[in-house]
Amino acid sequence: MKVGFLQFEPKHAEPEFNINFIRAYLKTSTFDLLVLPELANSGYLHDQKDELLSISEPADGSGPFISGLIAIAAEHKACIVSGFSEKDEQKLYNSAIAVDANGILNHYRKTHLFYKEKNLFETGDTGFSVFTCNAAKIGIMICFDWFFPESARTLALNGAEIIVHPSNLVLPWCQQSMVTRSLENRVYAITANRVGFEKGQGEELEFTGASQVLDPQGNLLIQAGYGNIQIGLIDIDPSKAVNKKLNAYNDLFDDRLPHFYKNKRST
Ligand code: ACM
């Protein structure tokens, strides 16, 4: 199965430009599963909720960005997962959508909002579910979800063999930390980050690029550069993520002892 990412620089508040860019850039590539960055329709930093609402779209595929993704997926006979700014009536979610030629496969709303995202977006309410693409089991988390190991763990316990991770990373630790997320859950992980700078909400942020694909042993299979637009694609065997045995004595899931994980903060 050929999987990977498109690392690029979404143009601020220009969803039609962004979907056209994605379509043109992917034109000559072949893949089975491609991951795009977080908020790939809208860009990241927005000062006004009204402005962001006006360029966001529902998760049902009726808007230009997701319908464009479905058309691109049909052209490539592939699955595509992308972050997007979702409008649900007057609410905004930092979401991701998985599509193929037939339409929507999965919809995820970011669980762990980062910093001033809390000024614009609602906390996600979808939880972490798993869907199938080309017989592989796929689970989505978005950017800062990496800081909460429960995100990747929940996806893996729900059967994910590949974690797909649309991102707009600004902290320096994620790419390294995802090695541990892959290793401790024995899953592939595809982080699709963006590049460039944005200003808004009194901030200027630089995004860190270095999108990557990790195997279930945490090996770095491919990594993009820090500031460039780049496609990264590699052949993988998702069935290698099924067996959780580390050695003859240890199975990463069977050895878990949840009754010892209860703590003063558990509900
Ligand atoms: C982030 O969650 N976009 C840093």
# chains A, B, ... in the order shown; residues from 1 in each chain; ligands from 1

call {"tool": "closest_atom_pairs", "arguments": {"of": "stretch 103-138 of chain A", "to": "stretch 82-88 of chain A", "cutoff": "12 Å", "atoms": "only C-alpha atoms", "output": "tab-separated table"}}
result
residue	atom	partner	partner_atom	distance
A:Ile104	CA	A:Ser82	CA	11.5
A:Leu105	CA	A:Ser82	CA	11.8
A:Asn106	CA	A:Ser82	CA	10.7
A:His107	CA	A:Gly83	CA	9.8
A:Tyr108	CA	A:Gly83	CA	9.0
A:Arg109	CA	A:Glu86	CA	8.6
A:Lys110	CA	A:Gly83	CA	9.4
A:Glu117	CA	A:Ser85	CA	11.3
A:Leu120	CA	A:Ser85	CA	10.4
A:Phe121	CA	A:Ser85	CA	8.9
A:Glu122	CA	A:Glu86	CA	10.2
A:Gly124	CA	A:Glu86	CA	10.8

call {"tool": "closest_atom_pairs", "arguments": {"of": "stretch 147-250 of chain A", "to": "stretch 40-60 of chain A", "cutoff": "10 Å", "atoms": "only C-alpha atoms", "output": "JSON lines"}}
result
{"residue": "A:Pro166", "atom": "CA", "partner": "A:Ala40", "partner_atom": "CA", "distance": 8.8}
{"residue": "A:Ser167", "atom": "CA", "partner": "A:Ala40", "partner_atom": "CA", "distance": 9.2}
{"residue": "A:Asn168", "atom": "CA", "partner": "A:Tyr44", "partner_atom": "CA", "distance": 7.4}
{"residue": "A:Asn193", "atom": "CA", "partner": "A:Ala40", "partner_atom": "CA", "distance": 9.9}
{"residue": "A:Arg194", "atom": "CA", "partner": "A:Ala40", "partner_atom": "CA", "distance": 8.5}
{"residue": "A:Phe197", "atom": "CA", "partner": "A:Tyr44", "partner_atom": "CA", "distance": 9.5}
{"residue": "A:Glu198", "atom": "CA", "partner": "A:Leu45", "partner_atom": "CA", "distance": 6.4}
{"residue": "A:Lys199", "atom": "CA", "partner": "A:Leu45", "partner_atom": "CA", "distance": 6.3}
{"residue": "A:Gly200", "atom": "CA", "partner": "A:Leu45", "partner_atom": "CA", "distance": 5.1}
{"residue": "A:Gln201", "atom": "CA", "partner": "A:Asp47", "partner_atom": "CA", "distance": 5.1}
{"residue": "A:Gly202", "atom": "CA", "partner": "A:Asp47", "partner_atom": "CA", "distance": 8.5}
{"residue": "A:Glu203", "atom": "CA", "partner": "A:Leu45", "partner_atom": "CA", "distance": 8.2}
{"residue": "A:Glu204", "atom": "CA", "partner": "A:Leu45", "partner_atom": "CA", "distance": 8.7}
{"residue": "A:Leu205", "atom": "CA", "partner": "A:Leu45", "partner_atom": "CA", "distance": 8.5}
{"residue": "A:Phe207", "atom": "CA", "partner": "A:Tyr44", "partner_atom": "CA", "distance": 9.9}

call {"tool": "write_last_selection", "arguments": {"atoms": "all heavy atoms", "output": "tab-separated table (two decimals), in the first residue's frame"}}
result
chain	number	residue	atom	x	y	z
A	166	PRO	N	-2.99	14.87	10.52
A	166	PRO	CA	-2.89	16.22	9.94
A	166	PRO	C	-2.45	17.21	11.01
A	166	PRO	O	-2.99	17.21	12.12
A	166	PRO	CB	-4.34	16.50	9.49
A	166	PRO	CG	-4.99	15.17	9.36
A	166	PRO	CD	-4.35	14.32	10.44
A	167	SER	N	-1.47	18.06	10.67
A	167	SER	CA	-0.87	18.92	11.69
A	167	SER	C	-0.53	20.30	11.17
A	167	SER	O	-0.31	20.49	9.97
A	167	SER	CB	0.43	18.27	12.21
A	167	SER	OG	0.14	17.07	12.89
A	168	ASN	N	-0.48	21.24	12.12
A	168	ASN	CA	0.10	22.58	11.92
A	168	ASN	C	1.04	22.79	13.10
A	168	ASN	O	0.76	23.57	14.00
A	168	ASN	CB	-0.98	23.68	11.92
A	168	ASN	CG	-1.75	23.84	10.61
A	168	ASN	OD1	-2.55	24.77	10.49
A	168	ASN	ND2	-1.54	22.98	9.66
A	193	ASN	N	2.49	17.73	8.10
A	193	ASN	CA	2.61	19.07	8.69
A	193	ASN	C	2.57	20.12	7.57
A	193	ASN	O	2.64	19.79	6.40
A	193	ASN	CB	3.92	19.15	9.47
A	193	ASN	CG	3.97	20.33	10.43
A	193	ASN	OD1	2.95	20.97	10.71
A	193	ASN	ND2	5.15	20.61	10.95
A	194	ARG	N	2.44	21.38	7.96
A	194	ARG	CA	2.50	22.46	6.99
A	194	ARG	C	3.80	23.24	7.17
A	194	ARG	O	4.56	22.99	8.12
A	194	ARG	CB	1.31	23.40	7.10
A	194	ARG	CG	1.21	24.14	8.42
A	194	ARG	CD	0.32	25.37	8.32
A	194	ARG	NE	0.96	26.42	7.55
A	194	ARG	CZ	0.38	27.55	7.18
A	194	ARG	NH1	-0.87	27.79	7.54
A	194	ARG	NH2	1.04	28.47	6.49
A	197	PHE	N	4.66	30.78	7.61
A	197	PHE	CA	4.38	31.62	8.79
A	197	PHE	C	2.94	32.11	8.71
A	197	PHE	O	2.40	32.26	7.62
A	197	PHE	CB	5.26	32.88	8.76
A	197	PHE	CG	6.72	32.62	8.89
A	197	PHE	CD1	7.48	32.27	7.77
A	197	PHE	CD2	7.36	32.74	10.12
A	197	PHE	CE1	8.84	32.04	7.89
A	197	PHE	CE2	8.72	32.52	10.23
A	197	PHE	CZ	9.47	32.17	9.11
A	198	GLU	N	2.35	32.38	9.86
A	198	GLU	CA	1.07	33.11	9.86
A	198	GLU	C	1.04	34.10	11.02
A	198	GLU	O	1.66	33.85	12.07
A	198	GLU	CB	-0.12	32.14	9.97
A	198	GLU	CG	-0.48	31.54	8.64
A	198	GLU	CD	-1.90	30.99	8.61
A	198	GLU	OE1	-2.76	31.45	9.40
A	198	GLU	OE2	-2.14	30.10	7.78
A	199	LYS	N	0.29	35.18	10.82
A	199	LYS	CA	0.07	36.18	11.88
A	199	LYS	C	-1.40	36.25	12.19
A	199	LYS	O	-2.24	36.17	11.27
A	199	LYS	CB	0.49	37.56	11.38
A	199	LYS	CG	1.95	37.84	11.47
A	199	LYS	CD	2.19	39.32	11.16
A	199	LYS	CE	3.68	39.57	11.03
A	199	LYS	NZ	3.98	40.82	10.38
A	200	GLY	N	-1.73	36.42	13.46
A	200	GLY	CA	-3.13	36.60	13.86
A	200	GLY	C	-3.26	36.42	15.36
A	200	GLY	O	-2.37	35.84	16.00
A	201	GLN	N	-4.35	36.92	15.93
A	201	GLN	CA	-4.60	36.83	17.37
A	201	GLN	C	-3.38	37.27	18.18
A	201	GLN	O	-3.05	36.68	19.21
A	201	GLN	CB	-5.02	35.42	17.77
A	201	GLN	CG	-6.37	35.01	17.20
A	201	GLN	CD	-7.00	33.86	17.99
A	201	GLN	OE1	-7.04	33.89	19.22
A	201	GLN	NE2	-7.51	32.89	17.28
A	202	GLY	N	-2.65	38.30	17.68
A	202	GLY	CA	-1.48	38.83	18.39
A	202	GLY	C	-0.29	37.90	18.38
A	202	GLY	O	0.66	38.08	19.16
A	203	GLU	N	-0.29	36.92	17.50
A	203	GLU	CA	0.80	35.93	17.43
A	203	GLU	C	1.41	35.95	16.04
A	203	GLU	O	0.75	36.27	15.06
A	203	GLU	CB	0.25	34.51	17.65
A	203	GLU	CG	-0.54	34.31	18.91
A	203	GLU	CD	0.33	34.31	20.16
A	203	GLU	OE1	1.53	34.03	20.05
A	203	GLU	OE2	-0.21	34.63	21.23
A	204	GLU	N	2.69	35.57	15.97
A	204	GLU	CA	3.27	35.20	14.68
A	204	GLU	C	3.87	33.82	14.87
A	204	GLU	O	4.71	33.60	15.76
A	204	GLU	CB	4.34	36.18	14.25
A	204	GLU	CG	4.94	35.73	12.93
A	204	GLU	CD	5.76	36.79	12.21
A	204	GLU	OE1	6.02	37.84	12.80
A	204	GLU	OE2	6.15	36.52	11.06
A	205	LEU	N	3.41	32.86	14.09
A	205	LEU	CA	3.84	31.47	14.26
A	205	LEU	C	4.57	30.98	13.02
A	205	LEU	O	4.19	31.30	11.89
A	205	LEU	CB	2.62	30.56	14.50
A	205	LEU	CG	1.82	30.82	15.78
A	205	LEU	CD1	0.61	29.90	15.85
A	205	LEU	CD2	2.70	30.63	17.03
A	207	PHE	N	5.57	27.39	11.22
A	207	PHE	CA	5.25	25.96	11.23
A	207	PHE	C	6.50	25.16	10.86
A	207	PHE	O	7.33	25.63	10.08
A	207	PHE	CB	4.08	25.69	10.29
A	207	PHE	CG	2.87	26.50	10.67
A	207	PHE	CD1	2.60	27.72	10.05
A	207	PHE	CD2	2.04	26.10	11.70
A	207	PHE	CE1	1.52	28.50	10.43
A	207	PHE	CE2	0.95	26.87	12.09
A	207	PHE	CZ	0.70	28.08	11.45

call {"tool": "atom_distance", "arguments": {"atom1": "atom CA of A:Lys77", "atom2": "atom CA of A:Ile190"}}
result
19.4 Å

call {"tool": "closest_atom_pairs", "arguments": {"of": "stretch 84-188 of chain A", "to": "stretch 236-245 of chain A", "cutoff": "9 Å", "atoms": "only C-alpha atoms", "output": "JSON lines"}}
result
{"residue": "A:Ala135", "atom": "CA", "partner": "A:Pro238", "partner_atom": "CA", "distance": 8.9}
{"residue": "A:Ala136", "atom": "CA", "partner": "A:Pro238", "partner_atom": "CA", "distance": 6.1}
{"residue": "A:Lys137", "atom": "CA", "partner": "A:Pro238", "partner_atom": "CA", "distance": 8.0}
{"residue": "A:Gly159", "atom": "CA", "partner": "A:Val242", "partner_atom": "CA", "distance": 8.2}
{"residue": "A:Ala160", "atom": "CA", "partner": "A:Ala241", "partner_atom": "CA", "distance": 8.4}
{"residue": "A:Glu161", "atom": "CA", "partner": "A:Ala241", "partner_atom": "CA", "distance": 5.2}
{"residue": "A:Ile162", "atom": "CA", "partner": "A:Pro238", "partner_atom": "CA", "distance": 6.9}
{"residue": "A:Asn185", "atom": "CA", "partner": "A:Lys244", "partner_atom": "CA", "distance": 7.7}
{"residue": "A:Arg186", "atom": "CA", "partner": "A:Ala241", "partner_atom": "CA", "distance": 5.6}
{"residue": "A:Val187", "atom": "CA", "partner": "A:Ala241", "partner_atom": "CA", "distance": 5.1}
{"residue": "A:Tyr188", "atom": "CA", "partner": "A:Ala241", "partner_atom": "CA", "distance": 6.9}

call {"tool": "residues_near_ligand", "arguments": {"ligand": "ligand 1", "cutoff": "7 Å", "atoms": "only C-alpha atoms and all ligand atoms", "output": "number ranges by chain"}}
result
A: 113-114, 142-145, 167-171

call {"tool": "write_last_selection", "arguments": {"atoms": "all heavy atoms", "output": "PDB file, in the first residue's frame"}}
result
ATOM      1  N   LEU A 113      -7.657  20.863  21.858  1.00  0.00           N
ATOM      2  CA  LEU A 113      -7.371  22.142  21.188  1.00  0.00           C
ATOM      3  C   LEU A 113      -6.127  22.777  21.791  1.00  0.00           C
ATOM      4  O   LEU A 113      -5.917  22.734  23.007  1.00  0.00           O
ATOM      5  CB  LEU A 113      -8.560  23.092  21.325  1.00  0.00           C
ATOM      6  CG  LEU A 113      -9.853  22.643  20.642  1.00  0.00           C
ATOM      7  CD1 LEU A 113     -10.994  23.594  21.002  1.00  0.00           C
ATOM      8  CD2 LEU A 113      -9.686  22.546  19.126  1.00  0.00           C
ATOM      9  N   PHE A 114      -5.312  23.426  20.932  1.00  0.00           N
ATOM     10  CA  PHE A 114      -4.052  24.025  21.356  1.00  0.00           C
ATOM     11  C   PHE A 114      -4.214  25.548  21.508  1.00  0.00           C
ATOM     12  O   PHE A 114      -4.648  26.231  20.583  1.00  0.00           O
ATOM     13  CB  PHE A 114      -2.971  23.718  20.312  1.00  0.00           C
ATOM     14  CG  PHE A 114      -1.645  24.355  20.591  1.00  0.00           C
ATOM     15  CD1 PHE A 114      -0.880  23.951  21.681  1.00  0.00           C
ATOM     16  CD2 PHE A 114      -1.143  25.359  19.770  1.00  0.00           C
ATOM     17  CE1 PHE A 114       0.348  24.533  21.943  1.00  0.00           C
ATOM     18  CE2 PHE A 114       0.092  25.945  20.027  1.00  0.00           C
ATOM     19  CZ  PHE A 114       0.844  25.525  21.115  1.00  0.00           C
ATOM     20  N   ILE A 142      -5.447  14.839  15.328  1.00  0.00           N
ATOM     21  CA  ILE A 142      -5.000  16.107  14.736  1.00  0.00           C
ATOM     22  C   ILE A 142      -3.969  16.771  15.647  1.00  0.00           C
ATOM     23  O   ILE A 142      -4.202  16.952  16.846  1.00  0.00           O
ATOM     24  CB  ILE A 142      -6.191  17.069  14.502  1.00  0.00           C
ATOM     25  CG1 ILE A 142      -7.196  16.469  13.512  1.00  0.00           C
ATOM     26  CG2 ILE A 142      -5.698  18.424  13.993  1.00  0.00           C
ATOM     27  CD1 ILE A 142      -8.429  17.334  13.253  1.00  0.00           C
ATOM     28  N   CYS A 143      -2.863  17.118  15.063  1.00  0.00           N
ATOM     29  CA  CYS A 143      -1.794  17.936  15.652  1.00  0.00           C
ATOM     30  C   CYS A 143      -1.624  17.732  17.160  1.00  0.00           C
ATOM     31  O   CYS A 143      -1.173  16.685  17.587  1.00  0.00           O
ATOM     32  CB  CYS A 143      -2.005  19.399  15.288  1.00  0.00           C
ATOM     33  SG  CYS A 143      -0.449  20.320  15.360  1.00  0.00           S
ATOM     34  N   PHE A 144      -2.026  18.692  17.996  1.00  0.00           N
ATOM     35  CA  PHE A 144      -1.748  18.699  19.438  1.00  0.00           C
ATOM     36  C   PHE A 144      -2.295  17.459  20.159  1.00  0.00           C
ATOM     37  O   PHE A 144      -1.885  17.183  21.306  1.00  0.00           O
ATOM     38  CB  PHE A 144      -2.337  19.973  20.036  1.00  0.00           C
ATOM     39  CG  PHE A 144      -1.941  20.276  21.458  1.00  0.00           C
ATOM     40  CD1 PHE A 144      -0.610  20.318  21.846  1.00  0.00           C
ATOM     41  CD2 PHE A 144      -2.914  20.548  22.417  1.00  0.00           C
ATOM     42  CE1 PHE A 144      -0.252  20.614  23.159  1.00  0.00           C
ATOM     43  CE2 PHE A 144      -2.571  20.853  23.729  1.00  0.00           C
ATOM     44  CZ  PHE A 144      -1.237  20.886  24.097  1.00  0.00           C
ATOM     45  N   ASP A 145      -3.166  16.692  19.520  1.00  0.00           N
ATOM     46  CA  ASP A 145      -3.587  15.411  20.105  1.00  0.00           C
ATOM     47  C   ASP A 145      -2.366  14.542  20.446  1.00  0.00           C
ATOM     48  O   ASP A 145      -2.464  13.660  21.308  1.00  0.00           O
ATOM     49  CB  ASP A 145      -4.483  14.633  19.129  1.00  0.00           C
ATOM     50  CG  ASP A 145      -5.926  15.141  19.065  1.00  0.00           C
ATOM     51  OD1 ASP A 145      -6.438  15.664  20.080  1.00  0.00           O
ATOM     52  OD2 ASP A 145      -6.548  14.991  17.991  1.00  0.00           O
ATOM     53  N   SER A 167      -1.468  18.058  10.673  1.00  0.00           N
ATOM     54  CA  SER A 167      -0.868  18.920  11.694  1.00  0.00           C
ATOM     55  C   SER A 167      -0.532  20.302  11.167  1.00  0.00           C
ATOM     56  O   SER A 167      -0.308  20.489   9.970  1.00  0.00           O
ATOM     57  CB  SER A 167       0.430  18.268  12.212  1.00  0.00           C
ATOM     58  OG  SER A 167       0.137  17.066  12.893  1.00  0.00           O
ATOM     59  N   ASN A 168      -0.476  21.243  12.124  1.00  0.00           N
ATOM     60  CA  ASN A 168       0.102  22.582  11.915  1.00  0.00           C
ATOM     61  C   ASN A 168       1.038  22.792  13.100  1.00  0.00           C
ATOM     62  O   ASN A 168       0.758  23.568  14.004  1.00  0.00           O
ATOM     63  CB  ASN A 168      -0.978  23.680  11.920  1.00  0.00           C
ATOM     64  CG  ASN A 168      -1.754  23.845  10.614  1.00  0.00           C
ATOM     65  OD1 ASN A 168      -2.550  24.769  10.488  1.00  0.00           O
ATOM     66  ND2 ASN A 168      -1.539  22.979   9.655  1.00  0.00           N
ATOM     67  N   LEU A 169       2.141  22.102  13.122  1.00  0.00           N
ATOM     68  CA  LEU A 169       2.997  22.041  14.318  1.00  0.00           C
ATOM     69  C   LEU A 169       3.813  23.306  14.499  1.00  0.00           C
ATOM     70  O   LEU A 169       4.400  23.822  13.543  1.00  0.00           O
ATOM     71  CB  LEU A 169       3.951  20.855  14.209  1.00  0.00           C
ATOM     72  CG  LEU A 169       3.284  19.487  14.254  1.00  0.00           C
ATOM     73  CD1 LEU A 169       4.204  18.417  13.704  1.00  0.00           C
ATOM     74  CD2 LEU A 169       2.863  19.159  15.687  1.00  0.00           C
ATOM     75  N   VAL A 170       3.855  23.768  15.765  1.00  0.00           N
ATOM     76  CA  VAL A 170       4.681  24.931  16.087  1.00  0.00           C
ATOM     77  C   VAL A 170       5.652  24.636  17.237  1.00  0.00           C
ATOM     78  O   VAL A 170       6.605  25.371  17.428  1.00  0.00           O
ATOM     79  CB  VAL A 170       3.811  26.162  16.440  1.00  0.00           C
ATOM     80  CG1 VAL A 170       3.024  26.629  15.222  1.00  0.00           C
ATOM     81  CG2 VAL A 170       2.856  25.889  17.593  1.00  0.00           C
ATOM     82  N   LEU A 171       5.413  23.582  17.988  1.00  0.00           N
ATOM     83  CA  LEU A 171       6.323  23.199  19.073  1.00  0.00           C
ATOM     84  C   LEU A 171       7.389  22.251  18.507  1.00  0.00           C
ATOM     85  O   LEU A 171       7.147  21.575  17.505  1.00  0.00           O
ATOM     86  CB  LEU A 171       5.538  22.488  20.189  1.00  0.00           C
ATOM     87  CG  LEU A 171       4.406  23.309  20.825  1.00  0.00           C
ATOM     88  CD1 LEU A 171       3.633  22.468  21.846  1.00  0.00           C
ATOM     89  CD2 LEU A 171       4.963  24.552  21.494  1.00  0.00           C
TER      90      LEU A 171
END

call {"tool": "closest_atom_pairs", "arguments": {"of": "stretch 147-266 of chain A", "to": "stretch 19-36 of chain A", "cutoff": "10 Å", "atoms": "only C-alpha atoms", "output": "tab-separated table"}}
result
residue	atom	partner	partner_atom	distance
A:Val164	CA	A:Val35	CA	6.7
A:His165	CA	A:Val35	CA	7.5
A:Pro166	CA	A:Leu36	CA	5.8
A:Ser167	CA	A:Leu36	CA	8.2
A:Ile190	CA	A:Val35	CA	7.3
A:Thr191	CA	A:Val35	CA	7.7
A:Ala192	CA	A:Leu36	CA	5.5
A:Asn193	CA	A:Leu36	CA	7.5
A:Arg194	CA	A:Leu36	CA	8.4
A:Ser211	CA	A:Leu36	CA	9.9
A:Ile229	CA	A:Tyr25	CA	9.6
A:Gln230	CA	A:Tyr25	CA	9.3
A:Ile231	CA	A:Leu26	CA	8.2
A:Gly232	CA	A:Leu34	CA	9.2
A:Leu233	CA	A:Phe31	CA	7.3
A:Ile234	CA	A:Phe31	CA	8.6
A:Asp235	CA	A:Phe31	CA	9.0

call {"tool": "write_last_selection", "arguments": {"atoms": "all heavy atoms", "output": "short mmCIF file (atom, residue, chain, number, x, y, z; two decimals), in the first residue's frame"}}
result
data_model
loop_
_atom_site.label_atom_id
_atom_site.label_comp_id
_atom_site.auth_asym_id
_atom_site.auth_seq_id
_atom_site.Cartn_x
_atom_site.Cartn_y
_atom_site.Cartn_z
N VAL A 164 -3.14 8.50 11.12
CA VAL A 164 -2.91 9.63 10.22
C VAL A 164 -3.11 10.92 11.03
O VAL A 164 -4.03 11.03 11.84
CB VAL A 164 -3.81 9.57 8.98
CG1 VAL A 164 -3.45 8.36 8.13
CG2 VAL A 164 -5.28 9.52 9.34
N HIS A 165 -2.22 11.90 10.80
CA HIS A 165 -2.05 12.98 11.77
C HIS A 165 -1.87 14.33 11.06
O HIS A 165 -0.75 14.86 10.99
CB HIS A 165 -0.81 12.58 12.63
CG HIS A 165 -0.50 13.50 13.75
ND1 HIS A 165 0.80 13.68 14.20
CD2 HIS A 165 -1.28 14.28 14.54
CE1 HIS A 165 0.79 14.53 15.20
NE2 HIS A 165 -0.44 14.91 15.43
N PRO A 166 -2.99 14.87 10.52
CA PRO A 166 -2.89 16.22 9.94
C PRO A 166 -2.45 17.21 11.01
O PRO A 166 -2.99 17.21 12.12
CB PRO A 166 -4.34 16.50 9.49
CG PRO A 166 -4.99 15.17 9.36
CD PRO A 166 -4.35 14.32 10.44
N SER A 167 -1.47 18.06 10.67
CA SER A 167 -0.87 18.92 11.69
C SER A 167 -0.53 20.30 11.17
O SER A 167 -0.31 20.49 9.97
CB SER A 167 0.43 18.27 12.21
OG SER A 167 0.14 17.07 12.89
N ILE A 190 1.57 8.61 10.14
CA ILE A 190 1.85 9.59 9.08
C ILE A 190 1.48 10.97 9.60
O ILE A 190 0.29 11.27 9.80
CB ILE A 190 1.02 9.30 7.81
CG1 ILE A 190 1.24 7.85 7.35
CG2 ILE A 190 1.37 10.30 6.70
CD1 ILE A 190 0.28 7.41 6.23
N THR A 191 2.49 11.79 9.87
CA THR A 191 2.25 13.18 10.28
C THR A 191 2.42 14.07 9.05
O THR A 191 3.49 14.09 8.45
CB THR A 191 3.24 13.59 11.39
OG1 THR A 191 3.00 12.79 12.55
CG2 THR A 191 3.07 15.06 11.76
N ALA A 192 1.33 14.75 8.66
CA ALA A 192 1.38 15.68 7.53
C ALA A 192 1.35 17.09 8.09
O ALA A 192 0.31 17.58 8.52
CB ALA A 192 0.20 15.46 6.59
N ASN A 193 2.49 17.73 8.10
CA ASN A 193 2.61 19.07 8.69
C ASN A 193 2.57 20.12 7.57
O ASN A 193 2.64 19.79 6.40
CB ASN A 193 3.92 19.15 9.47
CG ASN A 193 3.97 20.33 10.43
OD1 ASN A 193 2.95 20.97 10.71
ND2 ASN A 193 5.15 20.61 10.95
N ARG A 194 2.44 21.38 7.96
CA ARG A 194 2.50 22.46 6.99
C ARG A 194 3.80 23.24 7.17
O ARG A 194 4.56 22.99 8.12
CB ARG A 194 1.31 23.40 7.10
CG ARG A 194 1.21 24.14 8.42
CD ARG A 194 0.32 25.37 8.32
NE ARG A 194 0.96 26.42 7.55
CZ ARG A 194 0.38 27.55 7.18
NH1 ARG A 194 -0.87 27.79 7.54
NH2 ARG A 194 1.04 28.47 6.49
N SER A 211 7.34 16.77 7.91
CA SER A 211 6.31 15.72 7.87
C SER A 211 7.02 14.38 7.76
O SER A 211 8.12 14.28 7.21
CB SER A 211 5.43 15.91 6.63
OG SER A 211 4.77 17.14 6.70
N ILE A 229 7.72 22.79 0.20
CA ILE A 229 6.53 22.03 -0.22
C ILE A 229 7.03 20.70 -0.76
O ILE A 229 7.97 20.66 -1.55
CB ILE A 229 5.77 22.83 -1.28
CG1 ILE A 229 5.24 24.12 -0.66
CG2 ILE A 229 4.64 22.00 -1.89
CD1 ILE A 229 4.65 25.10 -1.63
N GLN A 230 6.43 19.62 -0.31
CA GLN A 230 6.99 18.30 -0.66
C GLN A 230 5.93 17.21 -0.52
O GLN A 230 5.15 17.20 0.42
CB GLN A 230 8.14 18.01 0.32
CG GLN A 230 9.05 16.90 -0.12
CD GLN A 230 10.26 16.79 0.83
OE1 GLN A 230 10.70 17.78 1.42
NE2 GLN A 230 10.77 15.59 0.98
N ILE A 231 5.96 16.26 -1.47
CA ILE A 231 5.18 15.03 -1.32
C ILE A 231 6.14 13.96 -0.84
O ILE A 231 7.26 13.85 -1.34
CB ILE A 231 4.59 14.58 -2.68
CG1 ILE A 231 3.67 15.65 -3.26
CG2 ILE A 231 3.83 13.27 -2.55
CD1 ILE A 231 3.14 15.31 -4.64
N GLY A 232 5.70 13.15 0.12
CA GLY A 232 6.49 11.98 0.56
C GLY A 232 5.63 10.76 0.45
O GLY A 232 4.52 10.74 1.00
N LEU A 233 6.09 9.75 -0.27
CA LEU A 233 5.29 8.52 -0.47
C LEU A 233 6.17 7.30 -0.26
O LEU A 233 7.35 7.31 -0.66
CB LEU A 233 4.73 8.49 -1.90
CG LEU A 233 3.68 9.55 -2.24
CD1 LEU A 233 3.40 9.56 -3.73
CD2 LEU A 233 2.39 9.33 -1.45
N ILE A 234 5.59 6.25 0.31
CA ILE A 234 6.36 5.03 0.55
C ILE A 234 5.41 3.83 0.58
O ILE A 234 4.26 3.97 1.02
CB ILE A 234 7.19 5.13 1.85
CG1 ILE A 234 8.13 3.94 1.98
CG2 ILE A 234 6.31 5.26 3.08
CD1 ILE A 234 9.39 4.26 2.73
N ASP A 235 5.91 2.67 0.14
CA ASP A 235 5.13 1.43 0.22
C ASP A 235 5.26 0.83 1.61
O ASP A 235 6.38 0.67 2.12
CB ASP A 235 5.64 0.41 -0.81
CG ASP A 235 5.00 0.65 -2.16
OD1 ASP A 235 3.76 0.74 -2.22
OD2 ASP A 235 5.75 0.78 -3.15
#

call {"tool": "select_by_dssp", "arguments": {"residues": "stretch 29-262 of chain A", "states": "alpha helix (DSSP H)", "output": "CSV table (one decimal) with C-alpha atoms, in the first residue's frame"}}
result
chain,number,residue,atom,x,y,z
A,49,LYS,CA,-14.8,34.0,14.1
A,50,ASP,CA,-17.1,35.5,11.5
A,51,GLU,CA,-14.4,35.6,8.9
A,52,LEU,CA,-13.5,32.0,9.6
A,53,LEU,CA,-17.2,30.9,9.6
A,54,SER,CA,-17.6,32.5,6.2
A,55,ILE,CA,-14.9,30.3,4.6
A,64,PRO,CA,-16.1,23.2,-2.3
A,65,PHE,CA,-13.1,21.9,-0.3
A,66,ILE,CA,-14.4,18.4,0.6
A,67,SER,CA,-16.2,17.9,-2.7
A,68,GLY,CA,-12.9,18.8,-4.3
A,69,LEU,CA,-11.1,16.2,-2.1
A,70,ILE,CA,-13.6,13.6,-3.2
A,71,ALA,CA,-12.9,14.4,-6.9
A,72,ILE,CA,-9.2,14.2,-6.4
A,73,ALA,CA,-9.6,10.9,-4.5
A,74,ALA,CA,-11.6,9.6,-7.5
A,75,GLU,CA,-8.9,10.7,-10.0
A,76,HIS,CA,-6.3,8.8,-8.0
A,149,PRO,CA,-0.8,9.7,24.6
A,150,GLU,CA,-4.4,8.5,25.2
A,151,SER,CA,-5.2,9.7,21.6
A,152,ALA,CA,-2.9,7.3,19.8
A,153,ARG,CA,-3.5,4.6,22.4
A,154,THR,CA,-7.3,4.8,21.9
A,155,LEU,CA,-6.9,4.6,18.1
A,156,ALA,CA,-4.6,1.6,18.4
A,157,LEU,CA,-6.9,-0.2,20.9
A,174,CYS,CA,6.2,16.3,18.0
A,175,GLN,CA,8.2,14.6,15.3
A,176,GLN,CA,10.4,12.9,17.9
A,177,SER,CA,7.5,12.1,20.2
A,178,MET,CA,5.6,10.4,17.5
A,179,VAL,CA,8.4,7.8,17.4
A,180,THR,CA,7.3,6.7,20.9
A,181,ARG,CA,3.6,6.9,19.9
A,182,SER,CA,4.4,4.4,17.0
A,183,LEU,CA,6.6,2.2,19.1
A,184,GLU,CA,4.3,1.9,22.2
A,185,ASN,CA,1.3,1.1,20.0

call {"tool": "select_by_dssp", "arguments": {"residues": "stretch 2-246 of chain A", "states": "strand (DSSP E or B)", "output": "NGL selection string"}}
result
:A and (2-7 or 33-35 or 57 or 79-88 or 91-100 or 103-109 or 130-133 or 136-140 or 162-166 or 188-192 or 197-200 or 203-206 or 212-214 or 220-223 or 230-235 or 245)

call {"tool": "atom_distance", "arguments": {"atom1": "atom CA of A:Gly218", "atom2": "atom CA of A:Leu6"}}
result
20.6 Å

call {"tool": "atom_distance", "arguments": {"atom1": "atom CA of A:Leu214", "atom2": "atom CA of A:Pro37"}}
result
16.5 Å
